[in-house]
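One file, coords05.pdb, is given below (PDB, C-alpha atoms).
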```
MODEL        1
ATOM      1  CA  TYR A  30     -20.390  -2.641   0.179
ATOM      2  CA  PRO A  31     -18.692  -5.743  -1.287
ATOM      3  CA  ASP A  32     -15.370  -4.935  -2.938
ATOM      4  CA  ASN A  33     -11.941  -6.517  -3.330
ATOM      5  CA  PRO A  34      -8.642  -6.014  -5.210
ATOM      6  CA  LEU A  35      -9.682  -8.377  -8.013
ATOM      7  CA  ARG A  36     -12.430  -6.019  -9.166
ATOM      8  CA  LEU A  37     -11.184  -3.261 -11.441
ATOM      9  CA  THR A  38     -14.361  -1.266 -10.803
ATOM     10  CA  PRO A  39     -16.203  -1.126  -7.479
ATOM     11  CA  GLU A  40     -19.878  -1.983  -7.443
ATOM     12  CA  LEU A  41     -21.145   1.002  -5.524
ATOM     13  CA  PRO A  42     -24.213   0.560  -3.341
ATOM     14  CA  PRO A  43     -27.443   2.480  -3.892
ATOM     15  CA  ALA A  44     -26.879   5.662  -1.933
ATOM     16  CA  ARG A  45     -29.286   8.330  -0.741
ATOM     17  CA  PRO A  46     -28.727  12.073  -0.407
ATOM     18  CA  GLY A  47     -26.650  12.661   2.692
ATOM     19  CA  ASP A  48     -24.659   9.439   2.284
ATOM     20  CA  VAL A  49     -20.892   9.363   1.802
ATOM     21  CA  VAL A  50     -19.352   6.632  -0.374
ATOM     22  CA  PHE A  51     -15.694   5.710   0.185
ATOM     23  CA  VAL A  52     -13.803   4.337  -2.847
ATOM     24  CA  MET A  53     -10.375   2.697  -2.651
ATOM     25  CA  ASN A  54      -7.791   2.327  -5.403
ATOM     26  CA  TYR A  55      -6.674  -1.094  -4.237
ATOM     27  CA  PHE A  56      -2.894  -1.511  -4.630
ATOM     28  CA  GLY A  57      -2.847   1.075  -7.441
ATOM     29  CA  LEU A  58      -4.511  -1.400  -9.802
ATOM     30  CA  ARG A  59      -7.520   0.669 -10.830
ATOM     31  CA  THR A  60      -8.233   3.487 -13.227
ATOM     32  CA  ARG A  61     -10.993   6.009 -12.618
ATOM     33  CA  PRO A  62     -14.285   4.101 -12.507
ATOM     34  CA  ASP A  63     -17.476   5.404 -14.051
ATOM     35  CA  MET A  64     -19.280   6.244 -10.833
ATOM     36  CA  LYS A  65     -22.831   7.506 -11.223
ATOM     37  CA  VAL A  66     -24.246   8.747  -7.943
ATOM     38  CA  ARG A  67     -27.328  10.727  -7.053
ATOM     39  CA  ASP A  68     -27.228  14.397  -6.170
ATOM     40  CA  GLY A  69     -26.495  14.916  -2.512
ATOM     41  CA  VAL A  70     -24.204  11.862  -2.284
ATOM     42  CA  GLU A  71     -20.552  12.658  -1.594
ATOM     43  CA  ILE A  72     -17.572  10.607  -2.803
ATOM     44  CA  ILE A  73     -14.291  10.216  -0.910
ATOM     45  CA  GLU A  74     -11.420   8.480  -2.746
ATOM     46  CA  ASP A  75      -8.267   6.952  -1.256
ATOM     47  CA  HIS A  76      -5.253   7.278  -3.575
ATOM     48  CA  SER A  77      -2.568   6.096  -1.133
ATOM     49  CA  HIS A  78      -1.343   3.302  -3.417
ATOM     50  CA  ASP A  79      -0.814   5.377  -6.579
ATOM     51  CA  LEU A  80      -0.833   9.068  -5.811
ATOM     52  CA  GLY A  81       0.468  10.010  -9.280
ATOM     53  CA  SER A  82      -2.199   8.175 -11.264
ATOM     54  CA  ALA A  83      -4.338   9.846 -13.907
ATOM     55  CA  TRP A  84      -7.348   8.984 -11.748
ATOM     56  CA  ALA A  85      -5.909  10.853  -8.755
ATOM     57  CA  GLU A  86      -4.867  13.860 -10.834
ATOM     58  CA  GLY A  87      -8.170  14.008 -12.739
ATOM     59  CA  SER A  88     -10.493  13.036  -9.915
ATOM     60  CA  ARG A  89     -13.976  14.516  -9.680
ATOM     61  CA  ALA A  90     -14.603  13.301  -6.127
ATOM     62  CA  ASP A  91     -15.709  15.593  -3.353
ATOM     63  CA  PHE A  92     -12.608  14.751  -1.345
ATOM     64  CA  CYS A  93      -9.431  12.706  -1.844
ATOM     65  CA  ILE A  94      -7.041  11.382   0.767
ATOM     66  CA  ALA A  95      -3.674   9.644   0.669
ATOM     67  CA  SER A  96      -1.224   8.252   3.180
ATOM     68  CA  LEU A  97       2.025   9.691   1.827
ATOM     69  CA  ARG A  98       4.263   7.243   3.665
ATOM     70  CA  LYS A  99       2.755   4.322   1.752
ATOM     71  CA  THR A 100       4.745   5.193  -1.375
ATOM     72  CA  LEU A 101       7.351   7.724  -0.194
ATOM     73  CA  PRO A 102      10.377   7.153   2.077
ATOM     74  CA  ILE A 103       9.041   9.227   4.965
ATOM     75  CA  SER A 104       8.019   8.407   8.514
ATOM     76  CA  ASP A 105       4.608  10.054   8.598
ATOM     77  CA  GLY A 106       2.165  12.255   6.761
ATOM     78  CA  GLY A 107      -1.007  12.303   4.729
ATOM     79  CA  ALA A 108      -2.779  14.515   2.218
ATOM     80  CA  LEU A 109      -6.341  15.788   1.880
ATOM     81  CA  TRP A 110      -7.687  17.717  -1.104
ATOM     82  CA  SER A 111     -10.964  18.486  -2.813
ATOM     83  CA  PRO A 112     -10.937  18.194  -6.624
ATOM     84  CA  VAL A 113     -14.263  20.044  -6.838
ATOM     85  CA  GLY A 114     -13.159  22.870  -4.575
ATOM     86  CA  HIS A 115     -14.948  22.125  -1.305
ATOM     87  CA  LEU A 116     -13.754  24.106   1.687
ATOM     88  CA  LEU A 117     -11.058  22.240   3.600
ATOM     89  CA  PRO A 118     -10.502  22.377   7.342
ATOM     90  CA  PRO A 119      -7.601  24.557   8.505
ATOM     91  CA  ALA A 120      -4.233  22.814   8.629
ATOM     92  CA  PRO A 121      -3.626  21.490  12.155
ATOM     93  CA  PRO A 122      -0.490  22.320  14.132
ATOM     94  CA  LEU A 123       2.290  19.807  14.620
ATOM     95  CA  THR A 124       1.794  18.144  17.989
ATOM     96  CA  GLU A 125       4.648  17.122  20.250
ATOM     97  CA  GLN A 126       3.239  13.589  20.230
ATOM     98  CA  ARG A 127       3.541  13.419  16.426
ATOM     99  CA  ARG A 128       7.007  14.940  16.483
ATOM    100  CA  ARG A 129       8.245  12.231  18.856
ATOM    101  CA  ALA A 130       6.459   9.458  16.959
ATOM    102  CA  GLY A 131       7.920  10.644  13.649
ATOM    103  CA  ALA A 132      11.412  10.802  15.149
ATOM    104  CA  THR A 133      11.098   7.244  16.460
ATOM    105  CA  LYS A 134       9.981   5.930  13.070
ATOM    106  CA  LEU A 135      12.687   7.889  11.256
ATOM    107  CA  THR A 136      15.353   6.471  13.576
ATOM    108  CA  ALA A 137      14.102   2.961  12.821
ATOM    109  CA  MET A 138      14.235   3.666   9.085
ATOM    110  CA  MET A 139      17.814   4.965   9.301
ATOM    111  CA  LEU A 140      18.994   1.977  11.354
ATOM    112  CA  LYS A 141      17.322  -0.406   8.910
ATOM    113  CA  ALA A 142      19.101   1.284   5.995
ATOM    114  CA  MET A 143      22.408   0.842   7.826
ATOM    115  CA  TYR A 144      21.561  -2.819   8.503
ATOM    116  CA  LEU A 145      20.741  -3.451   4.844
ATOM    117  CA  SER A 146      23.995  -1.810   3.766
ATOM    118  CA  GLY A 147      25.936  -4.356   5.816
ATOM    119  CA  LEU A 148      26.785  -2.332   8.907
ATOM    120  CA  PRO A 149      26.757  -4.126  12.290
ATOM    121  CA  VAL A 150      23.245  -3.116  13.346
ATOM    122  CA  GLU A 151      21.054  -5.556  15.274
ATOM    123  CA  LYS A 152      17.741  -6.250  13.526
ATOM    124  CA  ASP A 153      15.818  -6.113  16.791
ATOM    125  CA  SER A 154      17.069  -2.597  17.448
ATOM    126  CA  PHE A 155      15.237  -1.054  14.507
ATOM    127  CA  ARG A 156      12.280  -3.437  14.539
ATOM    128  CA  SER A 157      11.374  -2.548  18.121
ATOM    129  CA  LEU A 158      11.684   1.159  17.319
ATOM    130  CA  ALA A 159       9.498   0.736  14.241
ATOM    131  CA  VAL A 160       6.766  -0.980  16.237
ATOM    132  CA  ARG A 161       6.924   1.649  18.987
ATOM    133  CA  GLY A 162       6.787   4.474  16.450
ATOM    134  CA  GLU A 163       3.855   2.888  14.599
ATOM    135  CA  ARG A 164       1.884   2.625  17.821
ATOM    136  CA  ALA A 165       2.655   6.244  18.638
ATOM    137  CA  LEU A 166       1.502   7.359  15.179
ATOM    138  CA  SER A 167      -1.894   5.771  15.832
ATOM    139  CA  TYR A 168      -2.486   8.132  18.740
ATOM    140  CA  PRO A 169      -6.007   9.509  18.134
ATOM    141  CA  ALA A 170      -5.246  13.143  17.438
ATOM    142  CA  VAL A 171      -4.913  15.137  14.219
ATOM    143  CA  SER A 172      -1.504  16.669  13.616
ATOM    144  CA  ALA A 173       0.486  18.278  10.854
ATOM    145  CA  ILE A 174       3.248  16.308   9.136
ATOM    146  CA  THR A 175       6.692  16.483  10.740
ATOM    147  CA  GLU A 176       9.190  18.974   9.337
ATOM    148  CA  VAL A 177      11.550  16.290   8.007
ATOM    149  CA  SER A 178       8.808  14.428   6.158
ATOM    150  CA  ARG A 179       7.399  17.672   4.752
ATOM    151  CA  GLY A 180      10.856  18.614   3.479
ATOM    152  CA  VAL A 181      11.189  15.268   1.690
ATOM    153  CA  VAL A 182       7.741  15.551   0.111
ATOM    154  CA  ASP A 183       8.452  19.069  -1.138
ATOM    155  CA  SER A 184      11.724  18.125  -2.841
ATOM    156  CA  TYR A 185      11.450  14.439  -3.750
ATOM    157  CA  PRO A 186      11.487  13.341  -7.440
ATOM    158  CA  LEU A 187       7.994  11.833  -7.262
ATOM    159  CA  ASP A 188       7.713  10.897 -10.948
ATOM    160  CA  MET A 189      11.104   9.144 -10.943
ATOM    161  CA  TRP A 190      10.187   7.224  -7.791
ATOM    162  CA  ARG A 191       6.894   6.122  -9.354
ATOM    163  CA  GLN A 192       8.661   5.074 -12.571
ATOM    164  CA  ALA A 193      11.167   3.014 -10.581
ATOM    165  CA  ARG A 194       8.249   1.105  -9.073
ATOM    166  CA  ARG A 195       6.857   0.468 -12.558
ATOM    167  CA  ASP A 196      10.251  -0.649 -13.927
ATOM    168  CA  ASN A 197      11.009  -3.012 -11.056
ATOM    169  CA  ARG A 198       7.583  -4.569 -11.277
ATOM    170  CA  THR A 199       8.021  -5.099 -15.040
ATOM    171  CA  VAL A 200      11.261  -7.013 -14.406
ATOM    172  CA  LEU A 201       9.566  -9.192 -11.793
ATOM    173  CA  VAL A 202       6.519  -9.870 -13.987
ATOM    174  CA  LYS A 203       8.730 -10.921 -16.906
ATOM    175  CA  ALA A 204      10.860 -13.147 -14.676
ATOM    176  CA  MET A 205       7.781 -14.850 -13.225
ATOM    177  CA  GLY A 206       6.077 -15.512 -16.553
ATOM    178  CA  THR A 207       2.646 -17.117 -16.146
ATOM    179  CA  PRO A 208       2.872 -19.415 -13.121
ATOM    180  CA  ALA A 209       0.302 -22.215 -12.976
ATOM    181  CA  TRP A 210       0.051 -21.811  -9.205
ATOM    182  CA  ALA A 211      -0.778 -18.110  -9.044
ATOM    183  CA  ARG A 212      -2.468 -15.139 -10.677
ATOM    184  CA  VAL A 213      -0.406 -11.964 -10.948
ATOM    185  CA  LEU A 214      -2.674  -8.943 -10.514
ATOM    186  CA  GLU A 215      -2.181  -6.427 -13.327
ATOM    187  CA  PRO A 216      -2.807  -2.672 -13.088
ATOM    188  CA  ALA A 217      -5.337  -1.190 -15.494
ATOM    189  CA  GLY A 218      -4.505   1.556 -17.978
ATOM    190  CA  ASP A 219      -1.594   3.794 -16.971
ATOM    191  CA  SER A 220      -1.835   2.900 -13.289
ATOM    192  CA  VAL A 221       1.328   1.850 -11.441
ATOM    193  CA  ALA A 222       0.799  -0.925  -8.932
ATOM    194  CA  PHE A 223       1.872  -0.226  -5.368
ATOM    195  CA  SER A 224       3.691  -3.549  -5.213
ATOM    196  CA  PHE A 225       3.802  -6.948  -6.880
ATOM    197  CA  PRO A 226       0.503  -8.513  -5.753
ATOM    198  CA  VAL A 227       0.046 -12.177  -6.571
ATOM    199  CA  LEU A 228      -2.915 -14.411  -5.712
ATOM    200  CA  VAL A 229      -1.643 -17.891  -4.810
ATOM    201  CA  ASP A 230      -3.901 -20.852  -5.588
ATOM    202  CA  THR A 231      -4.087 -22.271  -2.054
ATOM    203  CA  PRO A 232      -3.519 -20.921   1.492
ATOM    204  CA  GLU A 233      -1.082 -23.786   2.098
ATOM    205  CA  ARG A 234       1.139 -22.815  -0.845
ATOM    206  CA  TYR A 235       0.851 -19.183   0.233
ATOM    207  CA  GLU A 236       2.281 -20.063   3.662
ATOM    208  CA  ARG A 237       5.105 -22.116   2.119
ATOM    209  CA  ILE A 238       6.088 -19.255  -0.171
ATOM    210  CA  ARG A 239       5.847 -16.675   2.606
ATOM    211  CA  THR A 240       8.063 -18.801   4.856
ATOM    212  CA  ARG A 241      10.653 -19.282   2.101
ATOM    213  CA  LEU A 242      10.724 -15.548   1.373
ATOM    214  CA  ILE A 243      11.286 -14.667   5.019
ATOM    215  CA  GLU A 244      14.053 -17.279   5.278
ATOM    216  CA  ALA A 245      15.704 -15.498   2.335
ATOM    217  CA  ASN A 246      15.360 -12.107   4.101
ATOM    218  CA  ILE A 247      12.622 -11.019   1.676
ATOM    219  CA  PHE A 248       9.725  -9.716   3.706
ATOM    220  CA  PRO A 249       6.305  -9.664   2.000
ATOM    221  CA  THR A 250       3.678  -7.306   3.330
ATOM    222  CA  VAL A 251       0.114  -8.117   4.324
ATOM    223  CA  LEU A 252      -1.898  -5.390   2.606
ATOM    224  CA  TRP A 253      -5.379  -6.762   3.075
ATOM    225  CA  PRO A 254      -5.746  -8.665   6.377
ATOM    226  CA  LEU A 255      -9.328  -9.702   7.093
ATOM    227  CA  GLU A 256      -9.003 -12.150   9.971
ATOM    228  CA  GLU A 257     -10.204  -9.554  12.468
ATOM    229  CA  THR A 258     -12.618  -6.960  11.116
ATOM    230  CA  VAL A 259     -14.981  -4.415  12.684
ATOM    231  CA  LEU A 260     -17.753  -5.289  10.236
ATOM    232  CA  PRO A 261     -18.477  -8.752   8.816
ATOM    233  CA  VAL A 262     -16.910  -9.606   5.455
ATOM    234  CA  GLY A 263     -18.000 -12.135   2.854
ATOM    235  CA  ALA A 264     -16.450 -15.529   2.261
ATOM    236  CA  GLU A 265     -15.016 -14.444  -1.121
ATOM    237  CA  ALA A 266     -13.093 -11.524   0.347
ATOM    238  CA  ARG A 267     -11.778 -13.554   3.270
ATOM    239  CA  ASP A 268     -10.608 -16.325   0.924
ATOM    240  CA  ILE A 269      -8.762 -13.815  -1.266
ATOM    241  CA  SER A 270      -7.087 -12.212   1.742
ATOM    242  CA  ARG A 271      -5.661 -15.564   2.832
ATOM    243  CA  ARG A 272      -3.973 -16.132  -0.542
ATOM    244  CA  LEU A 273      -2.873 -12.606  -1.518
ATOM    245  CA  LEU A 274       0.880 -12.078  -1.386
ATOM    246  CA  SER A 275       2.426  -8.635  -1.856
ATOM    247  CA  ILE A 276       6.112  -8.033  -2.642
ATOM    248  CA  HIS A 277       7.665  -4.571  -2.428
ATOM    249  CA  CYS A 278       9.152  -3.363  -5.723
ATOM    250  CA  ASP A 279       9.745   0.350  -5.149
ATOM    251  CA  GLY A 280      12.833   2.430  -5.809
ATOM    252  CA  ARG A 281      14.763   0.970  -2.877
ATOM    253  CA  TYR A 282      15.390  -2.097  -5.025
ATOM    254  CA  THR A 283      17.158  -2.949  -8.280
ATOM    255  CA  ALA A 284      16.395  -5.229 -11.206
ATOM    256  CA  ALA A 285      18.810  -7.773  -9.695
ATOM    257  CA  ASP A 286      16.742  -7.743  -6.496
ATOM    258  CA  MET A 287      13.618  -8.490  -8.511
ATOM    259  CA  LEU A 288      15.276 -11.467 -10.248
ATOM    260  CA  ARG A 289      16.267 -12.862  -6.859
ATOM    261  CA  VAL A 290      12.686 -12.433  -5.601
ATOM    262  CA  ALA A 291      11.364 -14.347  -8.628
ATOM    263  CA  GLU A 292      13.794 -17.193  -7.980
ATOM    264  CA  VAL A 293      12.726 -17.507  -4.325
ATOM    265  CA  LEU A 294       9.052 -17.296  -5.250
ATOM    266  CA  ARG A 295       9.402 -20.175  -7.715
ATOM    267  CA  SER A 296      11.420 -22.197  -5.213
ATOM    268  CA  GLY A 297       8.826 -21.726  -2.474
ATOM    269  CA  ALA A 298       5.955 -22.621  -4.794
ATOM    270  CA  ALA A 299       7.649 -25.870  -5.847
ATOM    271  CA  ASP A 300       8.166 -27.212  -2.304
TER     272      ASP A 300
ENDMDL
END
```
Will you turn the file into structure tokens for me?
Amino acid sequence: YPDNPLRLTPELPPARPGDVVFVMNYFGLRTRPDMKVRDGVEIIEDHSHDLGSAWAEGSRADFCIASLRKTLPISDGGALWSPVGHLLPPAPPLTEQRRRAGATKLTAMMLKAMYLSGLPVEKDSFRSLAVRGERALSYPAVSAITEVSRGVVDSYPLDMWRQARRDNRTVLVKAMGTPAWARVLEPAGDSVAFSFPVLVDTPERYERIRTRLIEANIFPTVLWPLEETVLPVGAEARDISRRLLSIHCDGRYTAADMLRVAEVLRSGAAD
């Protein structure tokens, strides 16, 4: 059904008993929508982009899922739960394939951290490992989370990490002001946005800004690519995807980092 990150509430399609409707909290921008569905229709929600939201914690969906590595500093792992108490499948064992893939990704993460701290690490060394690990993680088999990632999830200060994302984004929003060339997407209610998503007015300006950011060693992420899709998408969604820039603002960064990002963004937009 048609949906995009600019809509705070999805327009769910008419569903019949036996159907399953998948609902996404795009970029952590949404609060719990008022979803009225017929009996016999099941709802699955994806809370990857704001796992600690009031919507996620108070969900009434049949099932919820989340990719834990979207918002936590881990190499792999996801979560599945049923707010209404449906029976869940038994937890799968950890496969050797997943163990190796997780180790490859974790090695890339450690080398990148060393690189960012100024140690003599070649960028290509961790980038190639990251790509290889990502491909290995896509291996079509269900596995448990690796032991290292599970240990981090069990002990990590999740609320503090989420608050750091909120604080950094607030600094960046204030530094950016209200640019004439872009629309900054705001989270609704108490939601905490996954990143700093900004909709640039033209694809050409988007490319200029993206190039300037990369030249400054600031690497935006493409969260919503729609150039190659399994199912056809509408012109509105494709247009948005070509102008939607996303800047990381999680706890890896400081307020000073956010001010530097704002300066580069403005510089790229003015070219």
Checklist entry - Please, which residues are within 9 Å of (-5.7, 17.7, -3.3) by the file's coordinates, counting only C-alpha atoms, and could they come as a list in words? => result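 I get Ala85, Glu86, Phe92, Cys93, Ile94, Ala108, Leu109, Trp110, Ser111 and Pro112 of chain A for the residues within 9 Å of that point.
Within the file as shown, the PyMOL selection byres ((chain A and resi 213-220) around 8) identifies Leu35, Leu37, Gly57, Leu58, Arg59, Thr60, Asp79, Ser82, Ala83, Val202, Thr207, Ala211, Arg212, Val221, Ala222, Phe225, Pro226, Val227 and Leu228 of chain A.
Atom CA of Leu101 of chain A is positioned 13.1 Å from atom CA of His76 of chain A.
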Item to check | Selected residue of minimal separation from Arg191 of chain A among A:Pro102, A:Gly280, A:Pro46, A:Pro261, counting all atoms listed in the file | outcome: A:Gly280
Checklist entry - Between atom CA of Asp279 of chain A and atom CA of Pro149 of chain A, what is the spacing in Å? => result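 Answer for the atom CA of Pro149 of chain A to atom CA of Asp279 of chain A separation: 24.8 Å.
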Box for segment 258-277 of chain A - axis-aligned, 8 Å on each of the six sides, all listed atoms - centre and size in Å to one decimal, as lines of an AutoDock Vina configuration file.
```
center_x = -5.4
center_y = -10.4
center_z = 5.0
size_x = 42.1
size_y = 27.9
size_z = 31.3
```
